[in-house]
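Below is one structure, written out as structure tokens; comments come after it.
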Amino acid sequence: HVLSPVLNIGSGTSEFRKDKQPFIQDYIIGPMESRGVNFIHVDEKSGPGIDLHGDIYDRALQQKIRSFSPKSIMCCNMLEHVQDREKLANLLTDFLPHDGILVITVPHSFPYHADPIDTLYRPDIDQLAGLFPNIEMLDAGIVDCGSYADILKKNPSLIPRHIARSIIPFPGFYRWVNGLHRWRWLFRPYQVTCFIGKKLK
């Protein structure tokens with residue numbers, strides 16, 4: 001298939017993709033696999049459903065990635081969690097062949113969420129595209145993803161726990177800050193900047 005294999009950077013485990021955030025499997029990976037698209041799941045940690053693991057900046061891992069000759073790359077909601085996003089953007093571009101497809105998503109309006117850090121990088125379309133000067137934009141947009149209230153409506157049992165986490169700084173300071181910050185999106189929508197491009201050369 002012209003898109004295969006797809007390098008899924010920051011993939012998480014199969015449990016994360018299928019159970020914790022099942023829309024990833026149901027609406028993205030599953031339909032593509034049914035069309036014959038193969039995925040290489042890459043993450044910093046090891047675990048079930050992760051094909052390659054390690055530091056993306058490590059040359060040994062980069063060599064393993066190149067050995068698969070990826071035709072497409074997905075890097076979803078990861079750029080806000082790295083200190084050197086320009087270096088990562090250059091690596092992603094370098095992994096692709098001519099005419100290879102790059103899919104990037106980054107929060108545009110979203111609470112602080114450390115994993116293990118959050119640099120609060122919240123780009124618009126032009127800022128995100130600017131990281132990839134050798135990628136021709138095919139499509140892009142800022143997508144509304146519902147609000148914190150929408151999540152609580154679907155899972156009302158979460159309300160007491162989230163209130164308690166906002167009051168008591170437990171189990172850690174950053175999770176407490178995350179809980180407090182989330183209330184700012186009680187009625188305003190979460191937004192994600194999405195970018196799809198093709199490598200020029």
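Labels for the structure tokens follow display order: chains A, B, ..., residues from 1 in each chain, ligands from 1.
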
Which residues in chain A does DSSP call alpha helix (DSSP H)? List them as JSON, numbers by chain.
{"A": [14, 15, 23, 30, 31, 32, 33, 34, 59, 60, 61, 62, 63, 64, 65, 66, 67, 85, 86, 87, 88, 89, 90, 91, 92, 93, 94, 95, 125, 126, 127, 128, 129, 148, 149, 150, 151, 152, 153, 154, 158, 159, 160, 161, 162, 163, 164, 165, 166, 167, 173, 174, 175, 176, 177, 178, 179, 180, 181, 182]}

Give me, as a PyMOL selection string, the residues of chain A that a backbone DSSP run labels strand (DSSP E or B).
chain A and resi 6-9+39-43+52-53+72-76+101-109+135-144+191-199

A:His181 environment, 12 Å, only C-alpha atoms, sequence neighbours closer than 6 positions dropped, as a list in words:
Ser109, Phe110, Pro111, Tyr112, His113, Ala114, Tyr148, His162, Arg165, Ser166, Tyr174 and Arg175 of chain A

Please produce, as a Markdown table, a per-residue contact table for stretch 77-96 of chain A versus stretch 40-45 of chain A (criterion: any atom at most 12 Å away, only C-alpha atoms considered), showing the nearest atom pair and its distance in Å to one decimal, sorted by chain then residue number.
| residue | atom | partner | partner_atom | distance |
| --- | --- | --- | --- | --- |
| A:Met78 | CA | A:Asp43 | CA | 10.4 |
| A:His81 | CA | A:Glu44 | CA | 11.8 |
| A:Val82 | CA | A:Glu44 | CA | 11.7 |

Which residues are close to A:Thr193, i.e. within 8 Å by only C-alpha atoms, leaving aside same-chain residues fewer than 5 positions away? Reply as a list in words.
Thr105, Val106, Pro107, His108, Pro123, Asp124, Ile125, Leu128, Ala140, Gly141, Ile142 and Val143 of chain A

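Closest approach to A:Glu80 among A:Pro116, A:Pro22, A:Gly30, A:Gly100: A:Pro116, based on only C-alpha atoms.
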
Between atom CA of A:Leu91 and atom CA of A:Gly47, what is the spacing in Å?
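Taking atom CA of A:Gly47 as the start and atom CA of A:Leu91 as the end point, the length is 23.4 Å.
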
Skip A:Tyr57 itself and residues of its chain fewer than 3 positions away, then list as a list of chain:residue names all residues within 12 Å of it, counting only C-alpha atoms.
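The filter keeps A:Asp43, A:Glu44, A:His53, A:Gly54, A:Ala60, A:Leu61, A:Gln62, A:Gln63, A:Ile65, A:Val82, A:Gln83, A:Asp84, A:Arg85, A:Glu86, A:Lys87, A:Leu88, A:Ala89, A:Asn90, A:Leu91, A:Leu92.
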